[in-house]
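Q: Below is protein39.cif; it holds mmCIF, C-alpha atoms.
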```cif
data_protein
#
loop_
_atom_site.label_atom_id
_atom_site.label_comp_id
_atom_site.auth_asym_id
_atom_site.auth_seq_id
_atom_site.Cartn_x
_atom_site.Cartn_y
_atom_site.Cartn_z
CA MET A 1 29.01 -12.12 15.97
CA PRO A 2 27.86 -11.44 12.41
CA THR A 3 30.30 -12.49 9.76
CA LEU A 4 31.38 -10.34 6.86
CA SER A 5 29.72 -12.82 4.56
CA THR A 6 26.21 -12.01 5.79
CA PRO A 7 24.41 -11.07 2.59
CA PRO A 8 22.99 -7.53 2.48
CA LYS A 9 19.20 -7.34 2.65
CA VAL A 10 17.27 -5.68 -0.17
CA TYR A 11 13.80 -4.24 0.45
CA LEU A 12 11.70 -5.16 -2.60
CA ALA A 13 9.51 -2.10 -3.11
CA GLY A 14 6.90 -2.08 -5.86
CA PRO A 15 3.28 -2.64 -6.83
CA GLU A 16 3.75 -6.44 -6.89
CA VAL A 17 1.86 -6.64 -3.58
CA PHE A 18 -1.28 -5.74 -5.56
CA LEU A 19 -0.85 -8.42 -8.22
CA ALA A 20 -2.77 -11.68 -8.20
CA ASN A 21 0.60 -13.46 -8.43
CA ALA A 22 2.24 -11.43 -5.66
CA LYS A 23 3.74 -14.46 -3.94
CA ALA A 24 5.24 -15.84 -7.15
CA MET A 25 6.70 -12.41 -7.94
CA ALA A 26 8.22 -12.23 -4.47
CA GLU A 27 9.81 -15.66 -4.89
CA ALA A 28 11.17 -14.79 -8.34
CA LYS A 29 12.73 -11.60 -7.00
CA LYS A 30 14.18 -13.38 -3.99
CA GLU A 31 15.75 -16.01 -6.21
CA LEU A 32 17.43 -13.31 -8.31
CA CYS A 33 18.63 -11.67 -5.10
CA ARG A 34 20.21 -14.95 -4.00
CA GLN A 35 21.94 -15.31 -7.36
CA HIS A 36 23.52 -11.87 -6.93
CA GLY A 37 24.56 -12.25 -3.30
CA PHE A 38 21.65 -10.52 -1.62
CA VAL A 39 18.67 -11.51 0.51
CA GLY A 40 15.37 -10.13 -0.75
CA VAL A 41 12.79 -8.86 1.76
CA PHE A 42 9.23 -8.52 0.46
CA PRO A 43 6.72 -6.09 2.04
CA LEU A 44 4.42 -8.97 2.98
CA ASP A 45 7.20 -10.92 4.73
CA ALA A 46 6.46 -9.61 8.22
CA ASP A 47 4.75 -12.34 10.23
CA LEU A 48 1.72 -10.39 11.45
CA ALA A 49 -1.34 -11.80 13.20
CA LEU A 50 -4.01 -9.68 11.55
CA GLU A 51 -7.03 -11.95 11.53
CA GLY A 52 -10.09 -10.45 13.17
CA LEU A 53 -8.60 -6.98 13.43
CA PRO A 54 -10.47 -3.95 12.04
CA GLY A 55 -9.24 -2.81 8.63
CA ALA A 56 -7.64 0.36 9.92
CA GLU A 57 -5.64 -1.57 12.51
CA LYS A 58 -4.55 -4.11 9.89
CA ALA A 59 -3.35 -1.27 7.69
CA ARG A 60 -1.50 0.34 10.59
CA GLN A 61 0.32 -2.85 11.49
CA ILE A 62 1.29 -3.53 7.88
CA GLY A 63 2.49 0.04 7.38
CA LEU A 64 4.62 0.06 10.52
CA ALA A 65 6.00 -3.39 9.73
CA ASP A 66 7.04 -2.26 6.26
CA GLU A 67 8.76 0.83 7.64
CA GLY A 68 10.57 -1.50 10.03
CA LEU A 69 11.64 -3.76 7.18
CA ILE A 70 13.16 -0.77 5.39
CA HIS A 71 15.15 0.04 8.53
CA VAL A 72 16.64 -3.46 8.70
CA CYS A 73 17.48 -3.62 4.99
CA GLN A 74 20.75 -2.21 3.63
CA LEU A 75 19.26 -1.02 0.35
CA VAL A 76 16.01 -0.70 -1.61
CA ILE A 77 15.23 -1.72 -5.19
CA ALA A 78 11.96 -0.18 -6.36
CA ASN A 79 9.77 -1.14 -9.29
CA LEU A 80 8.84 2.30 -10.64
CA THR A 81 6.83 1.11 -13.65
CA PRO A 82 3.76 3.36 -13.97
CA PHE A 83 0.82 1.97 -12.02
CA ARG A 84 -2.78 3.21 -12.21
CA GLY A 85 -1.70 6.48 -13.81
CA VAL A 86 1.27 8.41 -15.14
CA SER A 87 3.60 7.55 -12.29
CA ALA A 88 4.90 4.75 -10.12
CA ASP A 89 2.90 3.20 -7.31
CA ILE A 90 2.42 5.81 -4.60
CA GLY A 91 3.40 3.53 -1.71
CA THR A 92 6.62 2.67 -3.53
CA ALA A 93 7.44 6.38 -3.86
CA TYR A 94 6.82 6.87 -0.15
CA GLU A 95 9.16 4.00 0.66
CA LEU A 96 11.83 5.35 -1.66
CA GLY A 97 11.75 8.72 0.09
CA TYR A 98 11.75 6.98 3.45
CA ALA A 99 14.85 4.92 2.65
CA ARG A 100 16.62 7.87 1.07
CA ALA A 101 16.14 9.97 4.21
CA LEU A 102 17.67 7.10 6.20
CA GLY A 103 20.77 7.38 4.01
CA LYS A 104 20.34 4.02 2.30
CA PRO A 105 21.23 3.45 -1.36
CA VAL A 106 18.02 3.27 -3.39
CA PHE A 107 17.75 1.73 -6.85
CA GLY A 108 14.86 1.84 -9.26
CA TYR A 109 13.72 0.39 -12.55
CA THR A 110 10.84 1.07 -14.88
CA ASN A 111 9.62 -1.15 -17.70
CA ILE A 112 8.27 1.82 -19.65
CA ALA A 113 11.15 3.82 -21.06
CA ALA A 114 9.20 6.96 -22.04
CA ASP A 115 10.04 9.91 -19.81
CA TYR A 116 7.68 11.52 -17.34
CA ARG A 117 6.79 14.39 -19.66
CA GLN A 118 5.96 12.04 -22.54
CA ARG A 119 3.79 9.87 -20.32
CA ALA A 120 1.93 12.86 -18.86
CA ALA A 121 1.22 14.17 -22.36
CA LEU A 122 0.11 10.73 -23.56
CA PHE A 123 -2.13 10.30 -20.56
CA ARG A 124 -3.85 13.62 -21.23
CA ALA A 125 -4.22 12.81 -24.91
CA THR A 126 -5.73 9.37 -24.37
CA LYS A 127 -7.45 9.67 -21.01
CA GLY A 128 -8.05 13.37 -20.47
CA SER A 129 -7.51 14.51 -16.93
CA TRP A 130 -8.52 12.23 -14.12
CA PRO A 131 -10.15 12.93 -11.79
CA ASP A 132 -11.81 15.60 -13.90
CA HIS A 133 -10.32 18.72 -12.45
CA GLY A 134 -10.11 20.51 -15.73
CA ASP A 135 -6.99 21.75 -17.46
CA ASP A 136 -5.06 20.96 -14.39
CA ALA A 137 -1.43 21.23 -14.92
CA SER A 138 1.53 22.13 -17.00
CA VAL A 139 4.19 19.56 -17.69
CA ASP A 140 6.85 22.18 -18.40
CA MET A 141 8.27 21.76 -14.93
CA GLU A 142 9.29 18.25 -15.85
CA ASP A 143 11.03 18.79 -19.17
CA PHE A 144 14.22 17.20 -17.89
CA GLY A 145 14.06 13.89 -19.75
CA LEU A 146 13.76 12.07 -16.46
CA ALA A 147 11.97 8.80 -15.92
CA GLU A 148 9.95 10.17 -13.04
CA ASN A 149 9.24 13.23 -10.96
CA LEU A 150 12.63 14.74 -10.25
CA MET A 151 12.50 13.97 -6.53
CA LEU A 152 12.65 10.25 -7.27
CA ASP A 153 15.25 10.47 -10.02
CA THR A 154 17.47 12.72 -7.92
CA GLY A 155 17.04 10.72 -4.76
CA ILE A 156 18.11 7.53 -6.50
CA ARG A 157 21.17 9.00 -8.17
CA GLU A 158 22.36 10.96 -5.15
CA SER A 159 21.97 7.96 -2.85
CA GLY A 160 24.49 5.98 -4.86
CA GLY A 161 21.82 4.02 -6.69
CA THR A 162 20.91 3.57 -10.33
CA LEU A 163 17.67 4.05 -12.26
CA ILE A 164 17.17 1.55 -15.10
CA ARG A 165 14.75 2.48 -17.89
CA MET A 166 13.75 0.00 -20.56
CA ASP A 167 10.81 -1.15 -22.63
CA VAL A 168 9.65 -4.74 -22.32
CA ALA A 169 7.17 -6.99 -24.12
CA ALA A 170 3.65 -5.55 -24.11
CA GLY A 171 1.62 -6.98 -21.26
CA SER A 172 4.64 -7.83 -19.13
CA GLU A 173 5.31 -4.30 -17.88
CA LEU A 174 4.49 -5.11 -14.28
CA THR A 175 6.19 -8.49 -14.15
CA ASP A 176 9.33 -8.37 -16.32
CA LEU A 177 12.42 -8.62 -14.09
CA GLN A 178 15.26 -7.68 -16.47
CA GLY A 179 15.43 -4.16 -15.02
CA PHE A 180 15.32 -5.56 -11.52
CA GLU A 181 18.26 -7.82 -12.30
CA ARG A 182 20.23 -4.94 -13.75
CA CYS A 183 19.68 -3.07 -10.48
CA LEU A 184 21.05 -6.07 -8.59
CA GLU A 185 24.10 -6.11 -10.86
CA GLN A 186 24.73 -2.43 -10.13
CA ALA A 187 24.14 -2.90 -6.41
CA ALA A 188 26.58 -5.81 -6.31
CA LYS A 189 29.34 -3.45 -7.49
CA LEU A 190 29.14 -1.49 -4.23
CA VAL A 191 31.12 -2.66 -1.21
CA TRP A 192 28.91 -4.34 1.40
CA MET B 1 19.79 33.00 20.11
CA PRO B 2 16.50 31.90 18.60
CA THR B 3 13.47 32.94 20.60
CA LEU B 4 10.65 30.59 21.53
CA SER B 5 8.35 32.68 19.38
CA THR B 6 10.08 31.71 16.14
CA PRO B 7 7.21 30.30 14.08
CA PRO B 8 7.60 26.65 13.01
CA LYS B 9 8.25 26.15 9.31
CA VAL B 10 5.88 24.04 7.24
CA TYR B 11 7.06 22.37 4.03
CA LEU B 12 4.23 22.80 1.51
CA ALA B 13 4.27 19.52 -0.42
CA GLY B 14 1.88 18.99 -3.32
CA PRO B 15 1.34 19.14 -7.06
CA GLU B 16 0.89 22.93 -6.99
CA VAL B 17 4.36 23.30 -8.48
CA PHE B 18 2.88 21.95 -11.72
CA LEU B 19 -0.04 24.37 -11.88
CA ALA B 20 -0.07 27.43 -14.09
CA ASN B 21 -0.89 29.47 -10.97
CA ALA B 22 1.83 27.88 -8.83
CA LYS B 23 3.06 31.19 -7.43
CA ALA B 24 -0.44 32.35 -6.48
CA MET B 25 -1.09 28.99 -4.78
CA ALA B 26 2.18 29.32 -2.86
CA GLU B 27 1.25 32.81 -1.68
CA ALA B 28 -2.25 31.72 -0.64
CA LYS B 29 -0.85 28.82 1.38
CA LYS B 30 1.79 31.01 2.99
CA GLU B 31 -0.83 33.55 4.02
CA LEU B 32 -2.88 30.81 5.69
CA CYS B 33 0.29 29.60 7.42
CA ARG B 34 0.88 33.10 8.78
CA GLN B 35 -2.68 33.28 10.08
CA HIS B 36 -2.16 30.05 12.00
CA GLY B 37 1.27 30.88 13.44
CA PHE B 38 3.46 29.08 10.91
CA VAL B 39 5.85 30.02 8.12
CA GLY B 40 5.13 28.23 4.84
CA VAL B 41 8.06 27.00 2.73
CA PHE B 42 7.26 26.22 -0.91
CA PRO B 43 9.34 23.74 -2.96
CA LEU B 44 10.29 26.49 -5.41
CA ASP B 45 11.51 28.84 -2.67
CA ALA B 46 15.15 27.82 -2.86
CA ASP B 47 17.12 30.57 -4.58
CA LEU B 48 18.86 28.50 -7.25
CA ALA B 49 20.86 29.82 -10.22
CA LEU B 50 19.75 27.30 -12.81
CA GLU B 51 19.93 29.28 -16.02
CA GLY B 52 22.05 27.71 -18.71
CA LEU B 53 22.45 24.42 -16.86
CA PRO B 54 21.57 21.12 -18.56
CA GLY B 55 18.17 19.74 -17.64
CA ALA B 56 19.52 16.86 -15.58
CA GLU B 57 21.65 19.22 -13.50
CA LYS B 58 18.70 21.58 -12.98
CA ALA B 59 16.64 18.65 -11.78
CA ARG B 60 19.41 17.51 -9.45
CA GLN B 61 19.78 20.91 -7.86
CA ILE B 62 16.02 21.30 -7.39
CA GLY B 63 15.70 17.82 -5.91
CA LEU B 64 18.54 18.31 -3.44
CA ALA B 65 17.27 21.77 -2.50
CA ASP B 66 13.81 20.39 -1.77
CA GLU B 67 15.25 17.63 0.40
CA GLY B 68 17.17 20.33 2.24
CA LEU B 69 14.02 22.38 2.73
CA ILE B 70 12.32 19.37 4.33
CA HIS B 71 15.25 19.06 6.74
CA VAL B 72 14.91 22.68 7.88
CA CYS B 73 11.13 22.54 8.27
CA GLN B 74 9.50 21.30 11.47
CA LEU B 75 6.55 19.66 9.72
CA VAL B 76 5.04 18.87 6.33
CA ILE B 77 1.52 19.43 5.03
CA ALA B 78 0.93 17.50 1.81
CA ASN B 79 -1.78 17.97 -0.80
CA LEU B 80 -2.68 14.34 -1.54
CA THR B 81 -5.51 15.05 -3.98
CA PRO B 82 -5.24 12.51 -6.83
CA PHE B 83 -3.07 13.82 -9.64
CA ARG B 84 -2.69 12.24 -13.09
CA GLY B 85 -4.12 8.95 -11.89
CA VAL B 86 -5.63 7.17 -8.92
CA SER B 87 -3.19 8.50 -6.37
CA ALA B 88 -1.47 11.61 -5.12
CA ASP B 89 1.44 13.26 -6.90
CA ILE B 90 4.41 10.91 -6.81
CA GLY B 91 6.93 13.54 -5.72
CA THR B 92 4.66 14.49 -2.85
CA ALA B 93 4.54 10.86 -1.70
CA TYR B 94 8.35 10.69 -1.83
CA GLU B 95 8.59 13.83 0.30
CA LEU B 96 6.07 12.49 2.80
CA GLY B 97 8.11 9.31 3.26
CA TYR B 98 11.28 11.37 3.48
CA ALA B 99 9.91 13.61 6.24
CA ARG B 100 8.38 10.67 8.09
CA ALA B 101 11.74 8.88 8.20
CA LEU B 102 13.25 12.05 9.67
CA GLY B 103 10.71 11.83 12.49
CA LYS B 104 8.79 14.95 11.53
CA PRO B 105 5.01 15.22 11.91
CA VAL B 106 3.40 14.93 8.49
CA PHE B 107 -0.12 16.07 7.67
CA GLY B 108 -2.14 15.48 4.52
CA TYR B 109 -5.36 16.49 2.87
CA THR B 110 -7.24 15.31 -0.17
CA ASN B 111 -10.06 17.12 -1.91
CA ILE B 112 -11.56 13.87 -3.18
CA ALA B 113 -13.14 11.99 -0.30
CA ALA B 114 -13.59 8.60 -2.03
CA ASP B 115 -11.24 5.99 -0.65
CA TYR B 116 -8.34 4.42 -2.54
CA ARG B 117 -10.26 1.27 -3.41
CA GLN B 118 -13.22 3.23 -4.80
CA ARG B 119 -10.93 5.41 -6.89
CA ALA B 120 -8.99 2.44 -8.25
CA ALA B 121 -12.25 0.73 -9.25
CA LEU B 122 -13.60 3.92 -10.84
CA PHE B 123 -10.37 4.46 -12.74
CA ARG B 124 -10.54 0.96 -14.19
CA ALA B 125 -14.21 1.36 -15.06
CA THR B 126 -13.78 4.69 -16.83
CA LYS B 127 -10.22 4.57 -18.13
CA GLY B 128 -9.29 0.91 -18.27
CA SER B 129 -5.75 0.18 -17.22
CA TRP B 130 -3.04 2.63 -18.10
CA PRO B 131 -0.48 2.02 -19.39
CA ASP B 132 -2.10 -0.99 -21.01
CA HIS B 133 -0.55 -3.79 -19.05
CA GLY B 134 -3.66 -5.90 -19.04
CA ASP B 135 -5.67 -7.01 -16.04
CA ASP B 136 -2.97 -5.71 -13.85
CA ALA B 137 -3.93 -5.69 -10.29
CA SER B 138 -6.29 -6.58 -7.52
CA VAL B 139 -7.52 -3.87 -5.21
CA ASP B 140 -8.30 -6.31 -2.41
CA MET B 141 -5.10 -5.40 -0.62
CA GLU B 142 -6.47 -1.94 -0.08
CA ASP B 143 -9.93 -2.67 1.30
CA PHE B 144 -9.22 -0.67 4.43
CA GLY B 145 -11.35 2.40 3.73
CA LEU B 146 -8.19 4.49 3.64
CA ALA B 147 -7.72 7.65 1.61
CA GLU B 148 -4.49 6.39 0.08
CA ASN B 149 -2.08 3.50 -0.07
CA LEU B 150 -1.68 2.39 3.52
CA MET B 151 1.95 3.51 3.75
CA LEU B 152 0.86 7.13 3.44
CA ASP B 153 -2.16 6.88 5.71
CA THR B 154 -0.17 5.04 8.37
CA GLY B 155 2.83 7.32 8.12
CA ILE B 156 0.69 10.40 8.66
CA ARG B 157 -1.22 9.04 11.63
CA GLU B 158 1.80 7.51 13.36
CA SER B 159 3.84 10.68 12.93
CA GLY B 160 1.34 12.66 15.00
CA GLY B 161 -0.28 14.19 11.94
CA THR B 162 -3.81 14.19 10.57
CA LEU B 163 -5.26 13.23 7.19
CA ILE B 164 -8.22 15.38 6.11
CA ARG B 165 -10.59 13.96 3.48
CA MET B 166 -13.33 16.06 1.94
CA ASP B 167 -15.10 16.74 -1.32
CA VAL B 168 -14.95 20.22 -2.79
CA ALA B 169 -16.62 22.05 -5.67
CA ALA B 170 -16.05 20.32 -9.01
CA GLY B 171 -13.08 21.85 -10.83
CA SER B 172 -11.44 23.17 -7.67
CA GLU B 173 -9.98 19.85 -6.51
CA LEU B 174 -6.40 20.95 -6.97
CA THR B 175 -6.79 24.45 -5.61
CA ASP B 176 -9.32 24.40 -2.75
CA LEU B 177 -7.53 25.12 0.53
CA GLN B 178 -10.16 24.20 3.16
CA GLY B 179 -8.44 20.88 3.86
CA PHE B 180 -5.09 22.60 4.01
CA GLU B 181 -6.43 25.04 6.59
CA ARG B 182 -7.84 22.20 8.66
CA CYS B 183 -4.37 20.63 8.68
CA LEU B 184 -2.96 23.92 9.96
CA GLU B 185 -5.58 24.00 12.70
CA GLN B 186 -4.62 20.50 13.77
CA ALA B 187 -0.91 21.26 13.57
CA ALA B 188 -1.36 24.38 15.71
CA LYS B 189 -2.67 22.18 18.55
CA LEU B 190 0.74 20.54 18.90
CA VAL B 191 3.37 22.18 21.11
CA TRP B 192 6.10 23.89 19.07
#
```
Please re-express this file's structure in structure tokens.
A:
Amino acid sequence: MPTLSTPPKVYLAGPEVFLANAKAMAEAKKELCRQHGFVGVFPLDADLALEGLPGAEKARQIGLADEGLIHVCQLVIANLTPFRGVSADIGTAYELGYARALGKPVFGYTNIAADYRQRAALFRATKGSWPDHGDDASVDMEDFGLAENLMLDTGIRESGGTLIRMDVAAGSELTDLQGFERCLEQAAKLVW
Amino acid sequence: MPTLSTPPKVYLAGPEVFLANAKAMAEAKKELCRQHGFVGVFPLDADLALEGLPGAEKARQIGLADEGLIHVCQLVIANLTPFRGVSADIGTAYELGYARALGKPVFGYTNIAADYRQRAALFRATKGSWPDHGDDASVDMEDFGLAENLMLDTGIRESGGTLIRMDVAAGSELTDLQGFERCLEQAAKLVW
């Protein structure tokens, strides 16, 4: 029989899987989870036997395993720091929507405090449009002062979660864990 | 009593909401839906009284309405053409994950055929990293030949959906609807 003291599991969504120091990032996040009474679950934690499989089958097994990990976790904390463009990592956004539809509390943090509209304007000013599909889009739709596309902001808040926005030291945007820890502090205030 | 001939509703996910011609795009997609036996539901279709509300409350009502529209639709077709960076629109990815977790078939199309890895490499070569967080990330994790982050590719395929990848005329990447129509053709083969 599970005891009431079983720590809640947190799915650690974010672009860390793409970083050269992915494993160290996972360990650092898991240690912070432990300190706040949670168990961190990293997307690469599933023990899959992928060697020798075709790439598409590897991808399929990883994708299904990660969906499964979201199911077994009680909450999600997502690193929403912009990644390869104006917005958060696309897989992280998918996972946030996935967890939200399952009714789980979802938390997020971004290490770039500028709002979505400011970032979109800055991107256009410094990078143009990319790919080059011309004068592609208005940003008026997003003049809400939100950190991200409103689906993500709304999903987080309505789920019972919190979205932390802060600026960090230049160059540490993808690795700074202050925002992550603030999410853990907020999550620990809920009753588990 | 609903009749068996009630056409299935398709949630029209994509960055079209940000385009200057959003309404025309919505109408064009809905017409194609009609031709293939579906009813298209656009994110802006919810009849919300937003005037005079603070921005955050507007955003909240739009976000919740769009989640509700996904619940009442039988399937989703998402425009995954890269938008403001290497990947698809972030709100679209959230909605895809949301619908997938609800067990709905999700379809996607992208009007840029290059795979995720190629696009990430091209982005770095032409734009550097953005925001400037240094030598941020490997792309090795994504050497699967997939159109997008594996969560999206996997979610689409495992849901019973299809992901259409094609190149279109330069400048029409965000508006060309051939891939959308191919999704409708595939969706029409399912039993509704």
Q: Let's have chain A fitted on chain B; use all the C-alpha atoms paired in order for the least-squares step and return it as a compact mmCIF listing (two decimals) with C-alpha atoms, in the coordinates of the input.
A:
```txt
# COMPACT_ATOMS: atom_id res chain seq x y z
CA MET A 1 19.77 33.08 20.09
CA PRO A 2 16.45 31.95 18.61
CA THR A 3 13.44 32.94 20.60
CA LEU A 4 10.63 30.61 21.55
CA SER A 5 8.34 32.69 19.39
CA THR A 6 10.07 31.70 16.15
CA PRO A 7 7.22 30.29 14.09
CA PRO A 8 7.61 26.65 13.02
CA LYS A 9 8.27 26.14 9.32
CA VAL A 10 5.88 24.04 7.24
CA TYR A 11 7.05 22.38 4.03
CA LEU A 12 4.22 22.80 1.51
CA ALA A 13 4.27 19.52 -0.41
CA GLY A 14 1.88 18.99 -3.31
CA PRO A 15 1.33 19.13 -7.06
CA GLU A 16 0.87 22.93 -6.98
CA VAL A 17 4.36 23.30 -8.48
CA PHE A 18 2.88 21.93 -11.72
CA LEU A 19 -0.04 24.36 -11.88
CA ALA A 20 -0.07 27.42 -14.10
CA ASN A 21 -0.88 29.46 -10.97
CA ALA A 22 1.83 27.87 -8.82
CA LYS A 23 3.07 31.18 -7.44
CA ALA A 24 -0.41 32.35 -6.47
CA MET A 25 -1.07 29.00 -4.78
CA ALA A 26 2.18 29.31 -2.85
CA GLU A 27 1.26 32.81 -1.67
CA ALA A 28 -2.24 31.72 -0.65
CA LYS A 29 -0.83 28.83 1.37
CA LYS A 30 1.80 31.02 2.98
CA GLU A 31 -0.82 33.54 4.01
CA LEU A 32 -2.87 30.80 5.69
CA CYS A 33 0.30 29.60 7.41
CA ARG A 34 0.89 33.10 8.78
CA GLN A 35 -2.68 33.27 10.06
CA HIS A 36 -2.14 30.05 12.01
CA GLY A 37 1.28 30.88 13.43
CA PHE A 38 3.46 29.08 10.92
CA VAL A 39 5.85 30.01 8.13
CA GLY A 40 5.15 28.23 4.85
CA VAL A 41 8.06 27.00 2.73
CA PHE A 42 7.26 26.22 -0.91
CA PRO A 43 9.35 23.75 -2.96
CA LEU A 44 10.32 26.49 -5.41
CA ASP A 45 11.52 28.85 -2.65
CA ALA A 46 15.18 27.83 -2.85
CA ASP A 47 17.14 30.59 -4.57
CA LEU A 48 18.90 28.52 -7.23
CA ALA A 49 20.89 29.82 -10.19
CA LEU A 50 19.78 27.32 -12.81
CA GLU A 51 19.94 29.30 -16.02
CA GLY A 52 22.08 27.71 -18.70
CA LEU A 53 22.46 24.43 -16.86
CA PRO A 54 21.59 21.12 -18.56
CA GLY A 55 18.17 19.76 -17.64
CA ALA A 56 19.53 16.89 -15.59
CA GLU A 57 21.66 19.24 -13.50
CA LYS A 58 18.71 21.59 -12.98
CA ALA A 59 16.64 18.65 -11.77
CA ARG A 60 19.41 17.51 -9.44
CA GLN A 61 19.79 20.93 -7.86
CA ILE A 62 16.04 21.32 -7.39
CA GLY A 63 15.71 17.84 -5.91
CA LEU A 64 18.54 18.32 -3.43
CA ALA A 65 17.28 21.78 -2.51
CA ASP A 66 13.82 20.40 -1.77
CA GLU A 67 15.25 17.63 0.40
CA GLY A 68 17.17 20.34 2.23
CA LEU A 69 14.02 22.39 2.73
CA ILE A 70 12.32 19.38 4.32
CA HIS A 71 15.25 19.07 6.74
CA VAL A 72 14.92 22.68 7.88
CA CYS A 73 11.13 22.54 8.26
CA GLN A 74 9.50 21.29 11.47
CA LEU A 75 6.55 19.65 9.73
CA VAL A 76 5.06 18.85 6.32
CA ILE A 77 1.53 19.44 5.03
CA ALA A 78 0.92 17.50 1.82
CA ASN A 79 -1.78 17.97 -0.79
CA LEU A 80 -2.69 14.34 -1.52
CA THR A 81 -5.52 15.04 -3.98
CA PRO A 82 -5.25 12.51 -6.82
CA PHE A 83 -3.08 13.83 -9.64
CA ARG A 84 -2.70 12.26 -13.10
CA GLY A 85 -4.12 8.96 -11.89
CA VAL A 86 -5.64 7.17 -8.92
CA SER A 87 -3.20 8.51 -6.37
CA ALA A 88 -1.46 11.62 -5.11
CA ASP A 89 1.43 13.26 -6.91
CA ILE A 90 4.40 10.91 -6.81
CA GLY A 91 6.92 13.54 -5.73
CA THR A 92 4.64 14.50 -2.84
CA ALA A 93 4.55 10.86 -1.70
CA TYR A 94 8.33 10.69 -1.83
CA GLU A 95 8.58 13.82 0.29
CA LEU A 96 6.07 12.49 2.79
CA GLY A 97 8.11 9.32 3.25
CA TYR A 98 11.28 11.38 3.47
CA ALA A 99 9.91 13.61 6.24
CA ARG A 100 8.39 10.68 8.09
CA ALA A 101 11.74 8.88 8.20
CA LEU A 102 13.26 12.06 9.66
CA GLY A 103 10.73 11.83 12.49
CA LYS A 104 8.79 14.95 11.53
CA PRO A 105 5.01 15.22 11.92
CA VAL A 106 3.40 14.92 8.50
CA PHE A 107 -0.12 16.07 7.67
CA GLY A 108 -2.13 15.47 4.54
CA TYR A 109 -5.37 16.47 2.89
CA THR A 110 -7.25 15.31 -0.16
CA ASN A 111 -10.08 17.12 -1.92
CA ILE A 112 -11.57 13.86 -3.19
CA ALA A 113 -13.14 11.99 -0.31
CA ALA A 114 -13.59 8.61 -2.04
CA ASP A 115 -11.23 5.98 -0.65
CA TYR A 116 -8.35 4.43 -2.53
CA ARG A 117 -10.27 1.27 -3.40
CA GLN A 118 -13.22 3.24 -4.79
CA ARG A 119 -10.95 5.42 -6.89
CA ALA A 120 -9.00 2.44 -8.26
CA ALA A 121 -12.25 0.73 -9.24
CA LEU A 122 -13.61 3.92 -10.82
CA PHE A 123 -10.40 4.45 -12.73
CA ARG A 124 -10.55 0.94 -14.17
CA ALA A 125 -14.21 1.34 -15.05
CA THR A 126 -13.79 4.67 -16.82
CA LYS A 127 -10.23 4.56 -18.10
CA GLY A 128 -9.29 0.90 -18.26
CA SER A 129 -5.76 0.17 -17.20
CA TRP A 130 -3.06 2.63 -18.09
CA PRO A 131 -0.49 2.02 -19.36
CA ASP A 132 -2.12 -0.98 -20.98
CA HIS A 133 -0.60 -3.80 -19.03
CA GLY A 134 -3.71 -5.88 -19.03
CA ASP A 135 -5.70 -7.01 -16.03
CA ASP A 136 -2.98 -5.75 -13.84
CA ALA A 137 -3.94 -5.75 -10.29
CA SER A 138 -6.29 -6.59 -7.52
CA VAL A 139 -7.53 -3.88 -5.22
CA ASP A 140 -8.34 -6.32 -2.42
CA MET A 141 -5.13 -5.43 -0.65
CA GLU A 142 -6.48 -1.95 -0.10
CA ASP A 143 -9.93 -2.67 1.28
CA PHE A 144 -9.21 -0.68 4.43
CA GLY A 145 -11.32 2.40 3.72
CA LEU A 146 -8.19 4.51 3.63
CA ALA A 147 -7.73 7.64 1.60
CA GLU A 148 -4.50 6.40 0.08
CA ASN A 149 -2.09 3.51 -0.08
CA LEU A 150 -1.68 2.39 3.51
CA MET A 151 1.95 3.51 3.74
CA LEU A 152 0.86 7.14 3.43
CA ASP A 153 -2.16 6.87 5.70
CA THR A 154 -0.17 5.05 8.36
CA GLY A 155 2.83 7.31 8.11
CA ILE A 156 0.69 10.39 8.64
CA ARG A 157 -1.21 9.03 11.62
CA GLU A 158 1.80 7.50 13.34
CA SER A 159 3.85 10.67 12.93
CA GLY A 160 1.37 12.65 14.99
CA GLY A 161 -0.28 14.17 11.94
CA THR A 162 -3.80 14.17 10.57
CA LEU A 163 -5.25 13.22 7.19
CA ILE A 164 -8.22 15.37 6.11
CA ARG A 165 -10.59 13.95 3.49
CA MET A 166 -13.32 16.05 1.94
CA ASP A 167 -15.10 16.73 -1.32
CA VAL A 168 -14.96 20.21 -2.79
CA ALA A 169 -16.63 22.05 -5.67
CA ALA A 170 -16.05 20.31 -9.01
CA GLY A 171 -13.10 21.84 -10.82
CA SER A 172 -11.46 23.16 -7.67
CA GLU A 173 -9.99 19.84 -6.51
CA LEU A 174 -6.40 20.94 -6.98
CA THR A 175 -6.79 24.45 -5.62
CA ASP A 176 -9.32 24.39 -2.76
CA LEU A 177 -7.53 25.13 0.53
CA GLN A 178 -10.15 24.21 3.15
CA GLY A 179 -8.43 20.88 3.84
CA PHE A 180 -5.08 22.61 4.00
CA GLU A 181 -6.42 25.03 6.59
CA ARG A 182 -7.85 22.20 8.65
CA CYS A 183 -4.38 20.63 8.68
CA LEU A 184 -2.96 23.92 9.95
CA GLU A 185 -5.59 23.99 12.70
CA GLN A 186 -4.62 20.48 13.77
CA ALA A 187 -0.91 21.26 13.58
CA ALA A 188 -1.38 24.37 15.71
CA LYS A 189 -2.68 22.16 18.53
CA LEU A 190 0.74 20.53 18.91
CA VAL A 191 3.37 22.16 21.11
CA TRP A 192 6.08 23.90 19.06
```
Q: Quick check on the file I pasted: which residues fall under the PyMOL selection byres ((chain A and resi 19-26) around 9)? Write them as number ranges by chain.
A: A: 12, 15-18, 27-31, 40-42, 44, 174-175; B: 136-139
Q: Could you list, as a ChimeraX atom specification, every residue matched by the PyMOL selection byres ((chain B and resi 161) around 7) in this structure?
A: /B:105-107,156-157,159-160,162-163
